[in-house]
Amino acid sequence: MASTASEPLQGTRRAGSPPAPRWLVAGSALVALLFATPLAYLVVRGAAEGGTLRAAWASGGTLAPLARTLLLGVAVAAAAAVLGTTLAWLVARTDLPGRRVVGLLLPLPLVMPSFIAAFALLAAFAPGGLLAGLLATLGVERLPAFDGFWGALYVLTLFTYPYVYLPVAARLGQLPASLEESARLLGRGPGGAFRTVVLPQTAPAVWAGTLLVFLYTISDFGAVQLLRYQTLTTSIYAARVFDRTGALAQSLLLGVLALAVVAAERRVTRGRRPARLGPPGGRRLRVPLGRWKAPAVALVAGVAGLALLAPVGVLVFWAVRGTLAGSSRAGALVGDVGALAGPALNTAALAVAAALAALLAVLPVAYLTTRHASRLAGLANAVVVGGFALPGLVVALALTFWTLQAPGPVALLYQTQALLVFAYVVHFGSQALRAAQVAVAAVPARLDDAARTLGAGRLRRLLTVELPLARGGLLAGGGLVLLSTMKELPATLLLAPPGLETLATKIWNATEDAFLADASLAALLLLLLSGLLTWLLVARRGDAPG
Amino acid sequence: MTRRTAALALTLLLTLALAGCSRSRDALTIYSGRTQNLVGPLLERFNQETGIAIDVKYGDSAELALLLAEEGERSPADVFLSQSPGATGFLAGKGLLGQLDGRLLDKVDPRFRNRGGRWVGLSARQRVLVYNTAMVAERDLPDSVLDLTGPRFAGKVAVAPSNGSFQDFVTAMRQLKGDDAAARWLRDMARNRPRTYANNNAIVEAVGRGEIPMGLVNHYYNYRFQKENPATPSRNHYFHGGDVGALVIPSTASVLAGSDQADEAARFVEFLLSPEAQRYFSDQTFEYPLVPGIPAAEGLPPLGSVESPSYDVDDLGGGLERTVELIRSSGFNGV
């Protein structure tokens, strides 16, 4: 998506970008600087290591995990792109039965922390698991192995497709119906209209989501570790204390890989930005699925079943079993679910704060990259987006380093909610930026020009013309940050003020000790809360006609 | 408009909720690598008894050690509780841990405290071989952990090579048998097609399901899974005769060198070594209490009768760095 305004783009912006206002440049530079803190930390630490670092790279021990990381990243990204786009189109554009409920359910797999989701799915699908017990009564003796590359591909695709689904659904919500109607009038079937009209129009959103899936996958640790697939992150984990040079070398490699992929994506998608035709909003097209209805319902049911019902089913099973058995242990959640109220409130508060702060932080960069192409814009884009690929542990240690190194008042921020929210923004800001870029790019420049001609100032144009039009996309971006923050664990454990508990830390605590019932109760509440917040802040408002 | 007002009100409410939980100033700050389920009730008890306020940060022992190393002298932490001596030794090596009072150290057996006085053991876990009773007959279990490299056990053993306890076990083997013997065992083991897992929990879960017949873990994980589901067909097999496979690993307590509340911190460590706290470890966590005179949990062989080899992290050249290097070069997956 990309975002150079120097390309001649009919209806969006004339050739040649106007020079960016100074405040926009300054704001973007500041944001880029803040987002660069984790990478800068790795570079500072790496510089101190010097030769040993080169030796760690040269040893070849990093090559195999790097290759496996790339393989999994590309495979999951491709699978999630296809799945997410198809689901978004089915929900936003067709007469799929129950699409309102489905639209609310489909983003939810994103909120399952991968360490508990993978654990639950293993318990369900792995040999000897709960499902195997069920199937054995039906005569099915052996299930395929559920681990390694295929296991990781399966689990990660099911838990990341919402990165594609959400922005694409938001884009489709804005797209005027006229184009597709024309295609249909010209005799194209639903598939034809999808290929010739919908796909080109949603391409930027698809690319944006796919990149996020790739970055998430290469940075994931919880799922690949449990599914026994070795990547750079599992190598970093194994080396983190007693081979810090090795861990550093591989973290830097992960960061460089992310920056390279972000830059490459920017090149590939350059010039693919679609023209915005017709006024925004208006009536939306519903394609009758006809004979495709049954397969479509089967697909949606299959995804919902595997990504939501299966893990939720296991969690409910554990929770019920534990609650029926009871517990005499002090502090056991099965006897006292009310103890989760505080952590739930903290989780919601941190997530909403992080989502708002992230949107605010990335807006200048989104404007700079979409309206005023420059080297700074490219750099800011790479730094903000690439930061997603660094593990939460690295982000937390980096912010610890910088905060405590900083003079006077900054050090007071250490282990406060403010710094924790900042960590979330740095870690997940990429998700808001990609959505914001798509949204801002979709605002027709002609409207902006018209407002300017009428004498509206920059701020007024922003508030009255551009932001309302970009709202759907911005909310989707905020929603992604919200959901990611709610399940974040490594940075939360290290950076939260002592005593501050979230649902994710509760789940982790219980999982560590194999208190499965407790972990399940907290995980189910997390899921419920995410669904509620998504509906309240994103789905319901995003749905309103623009 | 009302919707916007509602969203605004929600945001305000949440902001207030966040601002509400601010840090208490002069509280004793504890970084705990032991989970809240385990030590939370003890912290409350200490607070009730002494009136000393406590701020606690729970996390993974190794990651908290990394955080403490990054914080250095500016760390707000006063006390560090760790799952294993490995992460503690890492901090001791950086000079970040203070000297504990001899009175505290003397409460436990010398093999469960640091000779330099930087940490004292609180409770202990024993290394065991957990096995699936439907897949392995008792008479087919090995006498020594060293036997697991034999063809009889090819493809049948689960290990967690990136786990701290496994690393401690290898460190002990290096000390007792020498680096060459340890390296040979690791190499032979890696060639015997073991299945590598993320951690002890994952191994016990997989053994319970019957995915793999047996695995090397700490003793208490199986008790936890049994409690959650008594029908699980997994049992612990204890090695005898001072076998290195029967290693007993202490969890540790340390006071940070930079603590500004060293007295309160020492009082807290003393409390953890009190009969009340030790009995709690024994009753609630299935771990061995380390202060003599406190009985182990029901069903556990008493620690006095356990012939565990003794080892000392401090004695090893290269420490855990060398252990991790050996494990990695032996060809195990996942390291």
# chains A, B, ... in the order shown; residues from 1 in each chain; ligands from 1
>>> residues_around(residues="Pro295 of chain B", least_positions_apart="4", cutoff="10 Å", atoms="only C-alpha atoms", output="ChimeraX atom specification")
/B:278-279,282-283,288-291,300-304
>>> interface_residues(of="chain A", to="chain B", cutoff="8 Å", atoms="only C-alpha atoms", output="ChimeraX atom specification")
/A:126-129,225-226,228-230,234-235,237-239,241-243,322,329-332,345-346,348-350,352-353,393,397,400-401,404,416-417,493-494,497-500,509-510,512-517,537
>>> select_by_dssp(residues="segment 403-473 of chain A", states="alpha helix (DSSP H)", output="PDB file with C-alpha atoms, in the first residue's frame")
ATOM      1  CA  THR A 403      14.011   4.692  30.522  1.00  0.00           C
ATOM      2  CA  LEU A 404      16.601   4.061  33.202  1.00  0.00           C
ATOM      3  CA  GLN A 405      19.379   5.602  31.075  1.00  0.00           C
ATOM      4  CA  GLN A 417       1.082   2.259  33.401  1.00  0.00           C
ATOM      5  CA  ALA A 418       2.255   5.049  31.098  1.00  0.00           C
ATOM      6  CA  LEU A 419       5.393   3.169  30.086  1.00  0.00           C
ATOM      7  CA  LEU A 420       3.445  -0.062  29.702  1.00  0.00           C
ATOM      8  CA  VAL A 421       0.958   1.635  27.348  1.00  0.00           C
ATOM      9  CA  PHE A 422       3.909   3.098  25.463  1.00  0.00           C
ATOM     10  CA  ALA A 423       5.355  -0.417  25.105  1.00  0.00           C
ATOM     11  CA  TYR A 424       2.059  -1.634  23.643  1.00  0.00           C
ATOM     12  CA  VAL A 425       2.020   1.309  21.216  1.00  0.00           C
ATOM     13  CA  VAL A 426       5.576   0.579  20.060  1.00  0.00           C
ATOM     14  CA  HIS A 427       4.873  -3.150  19.805  1.00  0.00           C
ATOM     15  CA  PHE A 428       1.507  -2.946  18.055  1.00  0.00           C
ATOM     16  CA  GLY A 429       1.475   0.532  16.445  1.00  0.00           C
ATOM     17  CA  SER A 430       2.195  -1.150  13.114  1.00  0.00           C
ATOM     18  CA  GLN A 431      -1.332  -2.567  13.108  1.00  0.00           C
ATOM     19  CA  ALA A 432      -2.880   0.886  13.524  1.00  0.00           C
ATOM     20  CA  LEU A 433      -0.527   2.407  10.937  1.00  0.00           C
ATOM     21  CA  ARG A 434      -1.354  -0.078   8.193  1.00  0.00           C
ATOM     22  CA  ALA A 435      -5.074   0.420   8.713  1.00  0.00           C
ATOM     23  CA  ALA A 436      -4.672   4.200   8.957  1.00  0.00           C
ATOM     24  CA  GLN A 437      -2.694   4.308   5.714  1.00  0.00           C
ATOM     25  CA  VAL A 438      -5.372   2.367   3.882  1.00  0.00           C
ATOM     26  CA  ALA A 439      -8.060   4.613   5.339  1.00  0.00           C
ATOM     27  CA  VAL A 440      -6.295   7.887   4.602  1.00  0.00           C
ATOM     28  CA  ALA A 441      -5.375   6.797   1.083  1.00  0.00           C
ATOM     29  CA  ALA A 445      -8.196  14.257  -2.406  1.00  0.00           C
ATOM     30  CA  ARG A 446     -10.762  16.164  -4.442  1.00  0.00           C
ATOM     31  CA  LEU A 447     -12.903  16.577  -1.343  1.00  0.00           C
ATOM     32  CA  ASP A 448      -9.938  17.943   0.539  1.00  0.00           C
ATOM     33  CA  ASP A 449      -9.170  20.316  -2.309  1.00  0.00           C
ATOM     34  CA  ALA A 450     -12.764  21.471  -2.400  1.00  0.00           C
ATOM     35  CA  ALA A 451     -12.729  22.203   1.317  1.00  0.00           C
ATOM     36  CA  ARG A 452      -9.484  24.092   0.913  1.00  0.00           C
ATOM     37  CA  THR A 453     -10.957  26.185  -1.863  1.00  0.00           C
ATOM     38  CA  ARG A 458      -5.821  22.310   7.626  1.00  0.00           C
ATOM     39  CA  LEU A 459      -7.055  21.243  11.068  1.00  0.00           C
ATOM     40  CA  ARG A 460     -10.663  21.896  10.159  1.00  0.00           C
ATOM     41  CA  ARG A 461     -10.338  19.890   6.947  1.00  0.00           C
ATOM     42  CA  LEU A 467     -11.214  11.801   9.691  1.00  0.00           C
ATOM     43  CA  PRO A 468     -14.944  11.116   9.332  1.00  0.00           C
ATOM     44  CA  LEU A 469     -14.296   9.492   5.960  1.00  0.00           C
ATOM     45  CA  ALA A 470     -11.367   7.465   7.259  1.00  0.00           C
ATOM     46  CA  ARG A 471     -13.260   6.459  10.381  1.00  0.00           C
ATOM     47  CA  GLY A 472     -14.068   2.868   9.478  1.00  0.00           C
ATOM     48  CA  GLY A 473     -10.475   2.025   8.655  1.00  0.00           C
TER      49      GLY A 473
END
>>> atom_distance(atom1="atom CA of Ser274 of chain B", atom2="atom CA of Gly98 of chain B")
20.8 Å
>>> atom_distance(atom1="atom CA of Asn132 of chain B", atom2="atom CA of Ala160 of chain B")
17.4 Å
>>> residues_around(residues="Thr88 of chain B", least_positions_apart="5", cutoff="10 Å", atoms="only C-alpha atoms", output="VMD selection string")
chain B and resid 61 to 62 65 80 to 83 93 96 to 97 114 118 to 119 251 to 254
>>> atom_distance(atom1="atom CA of Ala377 of chain A", atom2="atom CA of Ser219 of chain A")
24.4 Å
>>> residues_around(residues="Thr210 of chain A", least_positions_apart="6", cutoff="9 Å", atoms="only C-alpha atoms", output="VMD selection string")
chain A and resid 76 to 78 80 to 81 161 163 to 164
>>> select_by_dssp(residues="segment 73-244 of chain B", states="strand (DSSP E)", output="MDAnalysis selection string")
chainID B and resid 79:82 120:132 157:159 195:196 214:218 234:237
>>> write_last_selection(atoms="N, CA and C atoms", output="short mmCIF file (atom, residue, chain, number, x, y, z; two decimals), in the first residue's frame")
data_model
loop_
_atom_site.label_atom_id
_atom_site.label_comp_id
_atom_site.auth_asym_id
_atom_site.auth_seq_id
_atom_site.Cartn_x
_atom_site.Cartn_y
_atom_site.Cartn_z
N VAL B 79 14.05 -8.12 46.64
CA VAL B 79 14.19 -9.57 46.80
C VAL B 79 13.96 -10.24 45.45
N PHE B 80 14.72 -11.30 45.17
CA PHE B 80 14.49 -12.09 43.95
C PHE B 80 14.26 -13.54 44.35
N LEU B 81 13.08 -14.06 43.97
CA LEU B 81 12.77 -15.47 44.19
C LEU B 81 12.88 -16.18 42.85
N SER B 82 13.64 -17.28 42.80
CA SER B 82 13.86 -17.94 41.52
C SER B 82 13.51 -19.41 41.57
N VAL B 120 19.79 -18.59 49.23
CA VAL B 120 19.47 -19.70 50.11
C VAL B 120 18.29 -20.46 49.49
N GLY B 121 18.32 -21.78 49.61
CA GLY B 121 17.24 -22.59 49.06
C GLY B 121 16.00 -22.49 49.94
N LEU B 122 14.80 -22.51 49.30
CA LEU B 122 13.55 -22.43 50.06
C LEU B 122 12.81 -23.76 50.05
N SER B 123 12.70 -24.34 48.86
CA SER B 123 12.00 -25.60 48.70
C SER B 123 12.71 -26.30 47.56
N ALA B 124 12.42 -27.60 47.39
CA ALA B 124 13.17 -28.30 46.36
C ALA B 124 12.29 -29.19 45.51
N ARG B 125 12.73 -29.40 44.29
CA ARG B 125 12.08 -30.29 43.35
C ARG B 125 13.07 -31.38 43.00
N GLN B 126 12.58 -32.58 42.74
CA GLN B 126 13.47 -33.66 42.35
C GLN B 126 13.25 -34.02 40.89
N ARG B 127 14.33 -34.34 40.21
CA ARG B 127 14.21 -34.80 38.82
C ARG B 127 13.67 -36.22 38.83
N VAL B 128 12.72 -36.50 37.97
CA VAL B 128 12.14 -37.85 37.87
C VAL B 128 11.92 -38.20 36.40
N LEU B 129 11.56 -39.47 36.18
CA LEU B 129 11.12 -39.90 34.86
C LEU B 129 9.62 -40.14 34.98
N VAL B 130 8.81 -39.29 34.33
CA VAL B 130 7.37 -39.50 34.37
C VAL B 130 7.03 -40.48 33.25
N TYR B 131 6.14 -41.44 33.53
CA TYR B 131 5.83 -42.42 32.48
C TYR B 131 4.35 -42.73 32.45
N ASN B 132 3.91 -43.24 31.30
CA ASN B 132 2.51 -43.61 31.10
C ASN B 132 2.35 -45.08 31.49
N VAL B 157 11.56 -41.17 24.72
CA VAL B 157 11.78 -40.27 25.85
C VAL B 157 11.56 -38.81 25.45
N ALA B 158 10.80 -38.09 26.29
CA ALA B 158 10.58 -36.66 26.07
C ALA B 158 11.57 -35.86 26.92
N VAL B 159 12.16 -34.82 26.33
CA VAL B 159 13.03 -33.92 27.09
C VAL B 159 12.67 -32.47 26.73
N ARG B 195 12.00 -36.90 21.85
CA ARG B 195 11.08 -35.86 21.39
C ARG B 195 11.30 -34.65 22.29
N THR B 196 11.60 -33.51 21.69
CA THR B 196 11.84 -32.33 22.52
C THR B 196 10.55 -31.53 22.69
N MET B 214 7.44 -41.78 28.03
CA MET B 214 8.06 -41.25 29.25
C MET B 214 8.80 -39.95 28.99
N GLY B 215 9.11 -39.23 30.07
CA GLY B 215 9.82 -37.97 29.90
C GLY B 215 10.54 -37.53 31.16
N LEU B 216 11.62 -36.76 30.97
CA LEU B 216 12.41 -36.26 32.09
C LEU B 216 11.85 -34.92 32.56
N VAL B 217 11.37 -34.88 33.81
CA VAL B 217 10.75 -33.67 34.35
C VAL B 217 11.06 -33.53 35.85
N ASN B 218 10.49 -32.50 36.47
CA ASN B 218 10.55 -32.37 37.93
C ASN B 218 9.35 -33.09 38.54
N SER B 234 -0.46 -41.31 34.37
CA SER B 234 0.97 -40.99 34.44
C SER B 234 1.47 -41.12 35.88
N ARG B 235 2.68 -41.65 36.02
CA ARG B 235 3.30 -41.83 37.34
C ARG B 235 4.74 -41.34 37.30
N ASN B 236 5.25 -41.00 38.49
CA ASN B 236 6.66 -40.63 38.60
C ASN B 236 7.50 -41.86 38.87
N HIS B 237 8.65 -41.96 38.20
CA HIS B 237 9.62 -43.00 38.52
C HIS B 237 10.85 -42.31 39.11
#
>>> residues_around(residues="Ala319 of chain A", least_positions_apart="3", cutoff="8 Å", atoms="only C-alpha atoms", output="PyMOL selection string")
chain A and resi 315-316+322-323+334+516-518+520-521
>>> closest_residue(among="B:Ala296, B:Ala246, B:Ala277, B:Ala266", to="Leu104 of chain B", atoms="only C-alpha atoms")
B:Ala266
>>> closest_residue(among="A:Ala58, A:Thr85, A:Leu33, A:Leu105", to="Leu308 of chain A", atoms="only C-alpha atoms")
A:Leu105
